[in-house]
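Structure file protein_0.cif; described as mmCIF, C-alpha atoms and all ligand atoms.
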data_my_file
loop_
_atom_site.label_atom_id
_atom_site.label_comp_id
_atom_site.auth_asym_id
_atom_site.auth_seq_id
_atom_site.Cartn_x
_atom_site.Cartn_y
_atom_site.Cartn_z
CA MET M 1 42.68 112.28 141.35
CA GLN M 2 41.34 111.05 138.01
CA VAL M 3 41.36 107.27 137.67
CA GLY M 4 40.69 105.35 134.48
CA LEU M 5 39.64 101.69 134.57
CA LYS M 6 38.91 99.23 131.78
CA VAL M 7 36.73 96.45 133.18
CA TRP M 8 35.93 93.17 131.46
CA ARG M 9 32.17 92.74 131.88
CA PHE M 10 30.75 89.25 131.47
CA ASN M 11 27.29 87.76 131.56
CA SER M 12 27.40 83.98 132.02
CA ARG M 13 23.74 83.58 130.93
CA SER M 14 24.13 85.26 127.55
CA GLY M 15 27.87 84.60 127.22
CA GLU M 16 28.38 88.28 126.29
CA ARG M 17 31.76 89.80 127.05
CA GLU M 18 32.61 93.48 126.78
CA LEU M 19 35.50 95.74 127.83
CA GLN M 20 33.97 98.80 129.43
CA GLU M 21 35.92 101.93 130.29
CA TYR M 22 35.23 104.16 133.31
CA GLU M 23 36.72 107.52 134.22
CA ILE M 24 36.17 108.53 137.84
CA ASP M 25 37.21 111.07 140.41
CA ALA M 26 38.67 109.35 143.48
CA PRO M 27 40.55 110.46 146.60
CA GLU M 28 44.34 110.08 146.50
CA GLU M 29 44.31 107.27 149.05
CA ALA M 30 41.83 105.20 147.04
CA THR M 31 42.42 101.51 146.46
CA LEU M 32 41.17 99.59 143.47
CA LEU M 33 38.23 98.45 145.59
CA ASP M 34 37.38 102.06 146.52
CA CYS M 35 37.43 102.92 142.82
CA LEU M 36 35.09 100.06 141.97
CA ASP M 37 32.78 101.24 144.77
CA ILE M 38 32.74 104.72 143.21
CA VAL M 39 31.93 103.23 139.81
CA LYS M 40 29.09 101.20 141.30
CA ASP M 41 27.71 104.02 143.48
CA ARG M 42 27.90 106.87 141.01
CA HIS M 43 28.34 105.56 137.46
CA ASP M 44 27.11 102.03 136.88
CA GLY M 45 25.17 100.07 139.49
CA THR M 46 25.18 96.95 137.32
CA LEU M 47 28.91 96.25 137.85
CA ALA M 48 29.37 93.05 139.89
CA TYR M 49 32.33 92.24 142.18
CA ARG M 50 32.83 90.76 145.66
CA LYS M 51 34.01 92.53 148.78
CA SER M 52 33.51 92.46 152.50
CA CYS M 53 36.19 93.51 154.98
CA ARG M 54 38.06 96.12 152.86
CA MET M 55 41.20 95.37 154.91
CA MET M 56 42.87 92.28 153.39
CA ILE M 57 41.30 89.87 155.84
CA CYS M 58 38.24 88.23 154.30
CA GLY M 59 39.74 87.23 150.92
CA SER M 60 36.62 88.25 148.96
CA CYS M 61 38.02 90.82 146.56
CA GLY M 62 40.49 88.77 144.49
CA MET M 63 40.54 89.84 140.83
CA ARG M 64 43.04 90.50 138.08
CA MET M 65 44.66 93.81 137.26
CA ASP M 66 46.55 93.85 133.96
CA GLY M 67 46.46 90.07 133.91
CA ALA M 68 47.86 89.42 137.41
CA ALA M 69 45.80 88.49 140.47
CA VAL M 70 45.50 91.14 143.21
CA LEU M 71 43.39 91.87 146.25
CA ALA M 72 41.46 94.97 145.19
CA CYS M 73 41.45 96.36 148.73
CA LYS M 74 45.26 96.09 148.95
CA THR M 75 45.98 97.78 145.61
CA ARG M 76 46.62 101.52 145.83
CA MET M 77 45.76 103.45 142.68
CA TYR M 78 47.77 106.65 143.27
CA ASP M 79 50.93 105.73 141.31
CA ILE M 80 48.97 104.04 138.54
CA ALA M 81 46.67 107.03 138.05
CA ASN M 82 49.60 109.48 138.24
CA ALA M 83 51.44 107.54 135.54
CA GLY M 84 48.38 107.96 133.32
CA HIS M 85 47.97 104.21 133.08
CA VAL M 86 44.48 102.76 132.61
CA PRO M 87 44.61 99.22 134.02
CA VAL M 88 42.50 96.37 132.69
CA ILE M 89 40.47 94.72 135.45
CA SER M 90 39.13 91.21 134.96
CA ALA M 91 37.90 88.21 136.92
CA MET M 92 40.36 85.75 138.45
CA GLY M 93 41.62 82.90 136.29
CA ASN M 94 41.07 79.14 136.67
CA LEU M 95 37.56 79.59 138.10
CA PRO M 96 34.28 79.92 136.16
CA ILE M 97 33.02 83.49 135.89
CA VAL M 98 29.50 84.11 137.17
CA LYS M 99 29.24 87.79 136.34
CA ASP M 100 31.80 90.54 135.61
CA LEU M 101 34.45 90.15 138.35
CA VAL M 102 32.59 87.50 140.38
CA VAL M 103 33.83 83.92 140.04
CA ASP M 104 32.25 80.69 141.19
CA MET M 105 34.39 79.63 144.18
CA GLU M 106 32.86 76.15 144.48
CA PRO M 107 35.75 74.36 142.64
CA PHE M 108 38.12 76.21 144.97
CA TRP M 109 36.24 75.06 148.11
CA GLU M 110 36.04 71.53 146.75
CA LYS M 111 39.85 71.33 146.57
CA PHE M 112 40.08 72.95 149.98
CA ARG M 113 37.76 70.33 151.50
CA SER M 114 39.68 67.53 149.78
CA VAL M 115 42.71 68.04 152.05
CA ASP M 116 40.73 67.72 155.32
CA PRO M 117 41.53 71.27 156.41
CA PHE M 118 41.18 70.67 160.11
CA LEU M 119 43.25 69.17 162.89
CA ARG M 120 42.89 65.45 163.51
CA PRO M 121 44.48 65.24 166.94
CA GLY M 122 47.02 62.49 167.39
CA TYR M 123 47.09 62.45 171.18
CA ASP M 124 44.87 61.54 174.11
CA GLU M 125 43.55 64.00 176.63
CA PRO M 126 46.24 64.83 179.20
CA PRO M 127 45.65 62.74 182.35
CA ASP M 128 45.64 65.79 184.63
CA GLY M 129 42.94 67.45 182.58
CA LYS M 130 45.24 70.31 181.63
CA GLU M 131 46.13 71.40 178.10
CA TYR M 132 49.19 70.29 176.14
CA LEU M 133 51.63 73.00 175.19
CA VAL M 134 53.35 73.35 171.82
CA THR M 135 56.40 75.59 171.59
CA GLN M 136 56.18 78.78 169.57
CA SER M 137 59.24 77.77 167.55
CA ARG M 138 57.52 74.54 166.51
CA MET M 139 54.33 76.33 165.51
CA ASN M 140 56.41 78.84 163.50
CA VAL M 141 56.88 76.01 161.00
CA VAL M 142 53.25 76.37 159.90
CA HIS M 143 52.77 80.04 160.69
CA LYS M 144 52.90 81.26 157.09
CA GLU M 145 50.40 78.66 155.92
CA ALA M 146 48.07 79.72 158.72
CA LEU M 147 48.02 83.25 157.29
CA CYS M 148 46.08 82.15 154.19
CA ILE M 149 42.81 84.05 153.76
CA ASN M 150 41.44 81.80 150.98
CA CYS M 151 41.35 84.62 148.44
CA GLY M 152 42.21 82.41 145.45
CA CYS M 153 44.85 84.74 143.95
CA CYS M 154 47.35 81.86 143.82
CA VAL M 155 44.84 79.55 142.16
CA SER M 156 44.05 82.25 139.61
CA GLU M 157 47.68 82.29 138.43
CA CYS M 158 48.50 78.57 138.67
CA ASN M 159 49.54 77.27 135.27
CA ALA M 160 49.45 73.64 136.43
CA MET M 161 45.73 74.11 137.15
CA GLU M 162 45.28 75.57 133.70
CA ALA M 163 46.73 72.36 132.22
CA ASP M 164 44.91 70.08 134.68
CA PRO M 165 41.87 71.58 136.42
CA LEU M 166 41.90 68.57 138.77
CA PHE M 167 45.32 69.51 140.21
CA THR M 168 44.82 70.09 143.94
CA GLY M 169 46.32 73.54 143.57
CA PRO M 170 48.44 75.93 145.62
CA GLN M 171 45.89 77.09 148.18
CA ALA M 172 44.68 73.62 149.15
CA LEU M 173 48.27 72.34 149.28
CA ALA M 174 49.38 75.22 151.48
CA LYS M 175 46.47 74.38 153.76
CA ALA M 176 47.48 70.70 153.66
CA PHE M 177 50.93 71.60 154.92
CA ARG M 178 49.31 73.65 157.67
CA PHE M 179 48.22 70.30 159.15
CA VAL M 180 51.02 68.00 157.94
CA GLY M 181 53.49 70.32 159.67
CA ASP M 182 51.40 70.64 162.85
CA PRO M 183 52.97 68.52 165.61
CA ARG M 184 49.54 67.88 167.14
CA ASP M 185 48.09 66.22 164.05
CA GLY M 186 47.88 62.42 164.04
CA GLN M 187 47.19 61.88 160.33
CA LYS M 188 50.44 63.07 158.82
CA LEU M 189 51.26 59.86 156.93
CA ALA M 190 47.73 59.36 155.64
CA ARG M 191 47.66 62.96 154.47
CA LEU M 192 51.03 62.61 152.69
CA GLU M 193 49.93 59.36 151.04
CA LYS M 194 46.89 61.08 149.60
CA LEU M 195 48.82 64.15 148.48
CA ASN M 196 51.23 61.94 146.54
CA ASN M 197 48.43 60.56 144.37
CA GLU M 198 47.48 61.76 140.91
CA HIS M 199 46.69 65.51 140.82
CA GLY M 200 48.74 65.95 144.00
CA ILE M 201 51.94 67.75 144.89
CA TRP M 202 54.06 66.45 142.01
CA GLU M 203 51.88 68.09 139.36
CA CYS M 204 53.17 71.51 140.36
CA THR M 205 55.41 72.94 137.64
CA ARG M 206 57.36 75.13 140.09
CA CYS M 207 56.53 78.30 138.20
CA TYR M 208 56.38 80.24 141.48
CA PHE M 209 53.50 82.44 140.28
CA CYS M 210 51.57 81.51 143.43
CA ASN M 211 54.37 82.87 145.62
CA GLU M 212 54.56 85.97 143.49
CA ARG M 213 50.85 86.76 143.64
CA CYS M 214 49.90 85.72 147.18
CA PRO M 215 48.95 88.94 148.98
CA LYS M 216 49.58 87.49 152.43
CA GLY M 217 53.07 86.05 152.00
CA VAL M 218 51.94 82.45 152.40
CA ASP M 219 54.25 81.31 149.58
CA PRO M 220 52.32 78.17 148.60
CA ARG M 221 55.11 76.86 146.37
CA ASP M 222 57.32 76.63 149.46
CA SER M 223 54.55 74.67 151.20
CA ILE M 224 54.47 72.24 148.26
CA ALA M 225 58.26 71.85 148.45
CA LYS M 226 57.93 71.08 152.16
CA LEU M 227 55.26 68.47 151.46
CA GLY M 228 57.51 66.84 148.84
CA ALA M 229 60.52 66.80 151.15
CA GLU M 230 58.47 65.44 154.03
CA SER M 231 57.01 62.72 151.77
CA MET M 232 60.47 61.58 150.73
CA LYS M 233 61.65 61.60 154.33
CA GLU M 234 58.77 59.24 155.13
CA GLY M 235 59.71 56.99 152.21
CA ILE M 236 56.77 58.04 150.03
CA ASP M 237 58.64 58.42 146.77
CA ARG M 238 56.64 56.39 144.24
CA ASP M 239 55.75 59.34 142.03
CA MET M 240 57.90 60.21 139.04
CA GLY M 241 58.26 63.71 140.48
CA ALA M 242 59.88 62.34 143.62
CA LYS M 243 62.18 60.06 141.62
CA HIS M 244 63.09 63.00 139.39
CA ALA M 245 64.01 65.12 142.42
CA LYS M 246 66.04 62.30 143.96
CA TRP M 247 68.04 61.85 140.77
CA PHE M 248 68.98 65.53 140.84
CA VAL M 249 70.48 64.97 144.29
CA VAL M 250 72.38 61.85 143.19
CA SER M 251 73.63 63.66 140.08
CA ALA M 252 74.84 66.69 142.00
CA LYS M 253 76.58 64.55 144.56
CA THR M 254 78.33 62.20 142.15
CA THR M 255 79.28 64.54 139.29
CA GLY M 256 78.34 68.08 140.25
CA TRP M 257 76.18 68.14 137.09
CA LEU M 258 72.76 66.82 136.18
CA ARG M 259 73.23 63.31 134.74
CA GLU M 260 70.64 64.03 132.09
CA THR M 261 70.99 60.89 130.00
CA GLU M 262 70.07 58.71 132.96
CA LEU M 263 67.26 60.99 134.11
CA VAL M 264 64.54 59.28 132.07
CA PRO M 265 65.32 55.65 133.11
CA LYS M 266 65.75 56.70 136.73
CA THR M 267 62.51 58.69 136.69
CA GLN M 268 60.19 56.78 134.38
CA GLY M 269 61.78 53.30 134.49
CA VAL M 270 63.78 51.30 131.97
CA VAL M 271 60.81 50.17 129.82
CA SER M 272 59.64 53.70 129.25
CA ALA M 273 63.22 54.81 128.55
CA ILE M 274 63.63 52.09 125.90
CA LYS M 275 60.46 53.30 124.19
CA GLN M 276 62.03 56.73 123.95
CA THR M 277 65.37 55.54 122.55
CA LYS M 278 64.75 57.03 119.11
CA PHE M 279 63.95 60.41 120.60
CA ALA M 280 67.02 60.23 122.88
CA LEU M 281 69.31 59.34 119.96
CA GLY M 282 67.92 62.32 118.05
CA LEU M 283 68.77 64.57 121.00
CA ALA M 284 72.26 63.07 121.31
CA LYS M 285 72.87 63.59 117.60
CA LYS M 286 72.10 67.28 117.97
CA GLY M 287 74.36 67.51 121.04
CA LYS M 288 71.40 68.12 123.38
CA VAL M 289 72.31 65.34 125.83
CA PRO M 290 75.78 64.12 126.74
CA LEU M 291 76.73 60.46 126.45
CA PRO M 292 76.55 58.71 129.85
CA VAL M 293 80.14 57.41 129.57
CA PRO M 294 82.59 58.69 130.40
CA PRO M 295 80.63 60.65 133.03
CA HIS M 296 81.00 64.40 132.85
CA VAL M 297 82.39 65.35 136.26
CA ALA M 298 82.60 69.00 137.29
CA ALA M 299 86.05 70.33 138.14
CA ASN M 300 84.89 71.37 141.62
CA VAL M 301 82.74 68.34 142.31
CA ARG M 302 84.11 68.20 145.84
CA GLU M 303 82.19 71.35 146.67
CA ALA M 304 78.93 69.75 145.57
CA ARG M 305 79.72 66.66 147.64
CA ARG M 306 80.62 68.73 150.67
CA LEU M 307 77.36 70.65 150.36
CA HIS M 308 75.45 67.37 150.17
CA ASP M 309 77.21 66.04 153.27
CA LEU M 310 76.75 69.30 155.15
CA VAL M 311 72.98 69.17 154.69
CA GLY M 312 73.06 65.54 155.83
CA GLU M 313 75.11 66.42 158.94
CA GLN M 314 72.66 69.18 159.85
CA GLY M 315 69.86 66.61 159.89
CA ARG M 316 67.75 68.89 157.75
CA ASN M 317 65.49 66.22 156.37
CA GLY M 318 61.91 66.79 155.32
CA PHE M 319 60.45 70.27 155.70
CA TRP M 320 63.43 71.39 157.79
CA GLY M 321 65.53 71.20 154.64
CA ILE M 322 63.44 73.62 152.61
CA VAL M 323 64.74 77.17 152.47
CA GLN M 324 61.79 79.54 152.58
CA GLY M 325 61.66 81.66 149.43
CA GLU M 326 61.80 84.96 151.26
CA LYS M 327 64.96 83.95 153.11
CA ALA M 328 66.72 83.02 149.89
CA LEU M 329 65.52 86.30 148.35
CA ALA M 330 66.76 88.29 151.34
CA LYS M 331 70.22 86.82 150.88
CA LEU M 332 70.23 87.36 147.14
CA GLU M 333 68.87 90.88 147.42
CA ASN M 334 71.26 92.01 150.10
CA GLY M 335 74.26 89.77 149.67
CA HIS M 336 75.69 88.05 152.70
CA ASP M 337 78.87 86.75 154.23
CA ALA M 338 79.04 83.14 155.21
CA ASP M 339 79.11 84.00 158.91
CA GLU M 340 76.32 86.55 158.80
CA SER M 341 72.99 85.50 160.27
CA LEU M 342 69.69 86.34 158.64
CA GLU M 343 68.85 88.51 161.64
CA GLU M 344 71.94 90.60 160.89
CA ILE M 345 70.95 90.90 157.24
CA TYR M 346 67.47 92.11 158.16
CA GLU M 347 68.91 94.65 160.60
CA ARG M 348 70.77 96.42 157.79
CA PRO M 349 69.35 99.73 156.55
CA ASN M 350 67.03 99.24 153.56
CA ALA M 351 67.23 95.47 153.91
CA PHE M 352 64.71 93.17 152.31
CA HIS M 353 61.55 92.94 154.39
CA ARG M 354 61.67 90.72 157.44
CA PRO M 355 59.95 87.39 156.83
CA PHE M 356 56.98 86.22 158.81
CA VAL M 357 58.83 83.24 160.21
CA LYS M 358 61.90 83.48 162.39
CA ASP M 359 64.89 81.45 161.28
CA VAL M 360 64.20 78.03 162.72
CA GLU M 361 67.92 77.52 163.27
CA THR M 362 67.91 80.17 165.96
CA ASP M 363 65.29 78.68 168.19
CA ALA M 364 64.58 75.09 167.26
CA LYS M 365 66.56 72.21 165.88
CA PRO M 366 65.37 69.45 163.59
CA GLY M 367 64.21 66.57 165.71
CA ASP M 368 63.29 68.82 168.64
CA ASP M 369 59.66 68.70 167.77
CA GLU M 370 58.65 65.40 169.29
CA GLU M 371 60.13 66.15 172.72
CA GLU M 372 59.18 69.79 172.72
CA SER M 373 55.69 69.65 171.46
CA ASN M 374 54.25 67.41 174.13
CA PRO M 375 51.63 65.41 172.26
S1 LIG L 401 54.40 76.95 141.61
FE1 LIG L 401 53.06 75.16 141.30
S2 LIG L 401 51.25 75.53 142.55
FE2 LIG L 401 52.36 77.49 142.35
S3 LIG L 401 51.37 78.51 140.62
FE3 LIG L 401 53.14 77.38 139.81
S4 LIG L 401 52.34 75.38 139.20
FE4 LIG L 401 50.79 76.32 140.52
S1 LIG L 402 47.80 81.09 149.64
FE1 LIG L 402 47.78 83.33 149.45
S2 LIG L 402 46.94 83.70 147.41
FE2 LIG L 402 46.46 81.59 147.93
S3 LIG L 402 44.41 81.69 148.81
FE3 LIG L 402 45.87 81.81 150.51
S4 LIG L 402 46.18 84.00 150.85
FE4 LIG L 402 45.21 83.79 148.86
S1 LIG L 403 37.48 93.03 150.84
FE1 LIG L 403 38.21 91.56 152.29
S2 LIG L 403 40.14 91.03 151.49
FE2 LIG L 403 39.52 92.66 150.20
#
As C-alpha cells, please, write out the structure in this file.
Ligand code: SF4
Ligand code: SF4
Ligand code: FES
Amino acid sequence: MQVGLKVWRFNSRSGERELQEYEIDAPEEATLLDCLDIVKDRHDGTLAYRKSCRMMICGSCGMRMDGAAVLACKTRMYDIANAGHVPVISAMGNLPIVKDLVVDMEPFWEKFRSVDPFLRPGYDEPPDGKEYLVTQSRMNVVHKEALCINCGCCVSECNAMEADPLFTGPQALAKAFRFVGDPRDGQKLARLEKLNNEHGIWECTRCYFCNERCPKGVDPRDSIAKLGAESMKEGIDRDMGAKHAKWFVVSAKTTGWLRETELVPKTQGVVSAIKQTKFALGLAKKGKVPLPVPPHVAANVREARRLHDLVGEQGRNGFWGIVQGEKALAKLENGHDADESLEEIYERPNAFHRPFVKDVETDAKPGDDEEESNP
C-alpha cells in the first residue's frame, strides 16, 4: 500500500522546524513504526525517533499523530492509507524536543522518581521464614496501574501540565496509586500527605485526556480519583480541591443540586469569598448564580439522598468508592438493568470490551483487605 506521512522535523541546536512529507510503499500490515522504519531505511536516514520492542511493551515509541499521542508500534496504517489521509506526525507534547520525534524524558523520570515508585514494606519478616500471601482480588485493585509502560502518552496530552509544568502528572500519579493501593506498603499516609501538596493530585483538571490516550488502559485519571478519595477517607482534606469535592457531596445530599453560591466560601474560605463579593454580585445580577435563600431543592431530592446513603451503607469509602471509567462506559455503551451484573453485560454479543480488572464486588468487599492480605 502507498502511505503518506507529514513529519515535523526539529533541530534543537539550530531551532529549525520543518514539515517534511514522505510517500512510501509499505506492506498492508504496517504500523506507523514500520512506516517510519521504511522512511529511515530507504528514504531519509536523518529522521530521528525512538523504538525498541515493536510490541507495545517498552514504551519507547510514543509520539503524536494528528495532534494526539499514540504508540507508533500499536498504530495500524491500513485504514488511514486507504482513506487517502496523510497524517501529521510530531513529537509528544509537554516534554522538550531533542530532535524530530525524540523528546527529552528527564522531566518525566523526575516526576516518576518523586513518588517513590517502589514498595516500602510495612510488615516484618514472617516468623516461620515463609512468604506472606496477598489475595488476587486485593491485588486487582492496583492491577491497571501496574500495566503502565512509562510511554508518556498521557503526559503528552495533559493540559494541567501545560498550565503548570510542575504538576506531578498522570503517569507519576498512576504509579503513586500503584503503591498507595498496595496492601503491603507501609507508607500510605506519608505518600498521601505528599501527594496532597502543591502540584499534587488536586491540580488535575479532570479533562480525561490521559484516559483517552493511554495505550495500555491504565486510566490515570481514575488513579487520581482513587488517590483523592483515599486522601479524604484518611482525613487529608486541606486542599481546596478536596473541599470543593466535599461540597458537591453535601450539595447533592441536601438539595439535589449544586449549592453554587456557597461553593466559594466553603472551598476557599470566608475571607476569600468576601474579596470576591463584587464579582459574585455581578454574576447574580446576570442570573448566573442563584441566591442562597430560599435554597433551591430538587423535586426528587429524596433520590439523591437515598443514593448518598446507599453508598454509605456499602462502605465504599476511599478507592473502593471510585467507579473505574471503563465500567461506567460499559454500562453507558450497552445499557443495563438495575439487577444486571457487569459480567452479564460483558457476556452480551458485541458488548464493550471486558475491563482489565474484575468487578471488586464479586470477589472482595471493602474492609476485607487487612484480614485477607496478611501483612
Ligand atoms: S485528567 Fe488530569 S492528569 Fe489526566 S490529562 Fe487531564 S488534567 Fe492531566
Ligand atoms: S499511564 Fe498509560 S499513557 Fe501514561 S505512561 Fe503509563 S502506559 Fe503510558
Ligand atoms: S517500540 Fe516498544 S512500545 Fe513501541
- Query: Of the residues M:Trp8, M:Cys73, M:Gln2, M:His43, which is the one nearest to ligand LIG 403 (chain L), using only C-alpha atoms and all ligand atoms?
  - Reply: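 Closest candidate: M:Cys73.
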- Task: Would you work out the distance separating CA of Tyr78 in chain M from CA of Pro27 in chain M, expressed in Å to one decimal?
- Result: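 Distance between the two atoms: 8.8 Å.
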- Query: Rounded to one decimal in Å, what is the spacing between CA of Asp309 in chain M and CA of Lys188 in chain M?
  - Reply: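 These two atoms are separated by 27.5 Å.
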- Message: At a cut-off of 12 Å around ligand LIG 401 (chain L), and using only C-alpha atoms and all ligand atoms, what residues come up? Please write them as a ChimeraX atom specification.
- Response: /M:68-69,93-94,152-174,199-214,218-225,325
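Distance check against ligand LIG 403 (chain L) using all atoms listed in the file: of M:Glu131, M:Asp237, M:Asp34, M:Glu28, the minimum falls on M:Asp34.
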Contact check, chain M to ligand LIG 403 (chain L), at most 6 Å, counting only C-alpha atoms and all ligand atoms, closest pairs as JSON lines:
{"residue": "M:Lys51", "atom": "CA", "partner": "L:LIG403", "partner_atom": "S1", "distance": 4.1}
{"residue": "M:Ser52", "atom": "CA", "partner": "L:LIG403", "partner_atom": "S1", "distance": 4.3}
{"residue": "M:Cys53", "atom": "CA", "partner": "L:LIG403", "partner_atom": "FE1", "distance": 3.9}
{"residue": "M:Arg54", "atom": "CA", "partner": "L:LIG403", "partner_atom": "S1", "distance": 3.7}
{"residue": "M:Met55", "atom": "CA", "partner": "L:LIG403", "partner_atom": "FE1", "distance": 5.5}
{"residue": "M:Met56", "atom": "CA", "partner": "L:LIG403", "partner_atom": "S2", "distance": 3.6}
{"residue": "M:Ile57", "atom": "CA", "partner": "L:LIG403", "partner_atom": "S2", "distance": 4.6}
{"residue": "M:Cys58", "atom": "CA", "partner": "L:LIG403", "partner_atom": "FE1", "distance": 3.9}
{"residue": "M:Gly59", "atom": "CA", "partner": "L:LIG403", "partner_atom": "S2", "distance": 3.9}
{"residue": "M:Ser60", "atom": "CA", "partner": "L:LIG403", "partner_atom": "FE1", "distance": 5.0}
{"residue": "M:Cys61", "atom": "CA", "partner": "L:LIG403", "partner_atom": "FE2", "distance": 4.3}
{"residue": "M:Leu71", "atom": "CA", "partner": "L:LIG403", "partner_atom": "FE2", "distance": 5.6}
{"residue": "M:Ala72", "atom": "CA", "partner": "L:LIG403", "partner_atom": "FE2", "distance": 5.8}
{"residue": "M:Cys73", "atom": "CA", "partner": "L:LIG403", "partner_atom": "FE2", "distance": 4.4}
- Work out how far CA of Gly318 in chain M is from CA of Glu234 in chain M, in Å to one decimal. 8.2 Å
- Which one is closest to ligand LIG 402 (chain L): M:Gly122, M:Pro215, M:Gly228, M:Gly186? Count all atoms listed in the file. M:Pro215
- Message: Taking all atoms listed in the file into account, name the residue in M:Gly287, M:Gly67, M:Thr277, M:Ala252 that is nearest to Glu303 in chain M.
- Response: M:Ala252
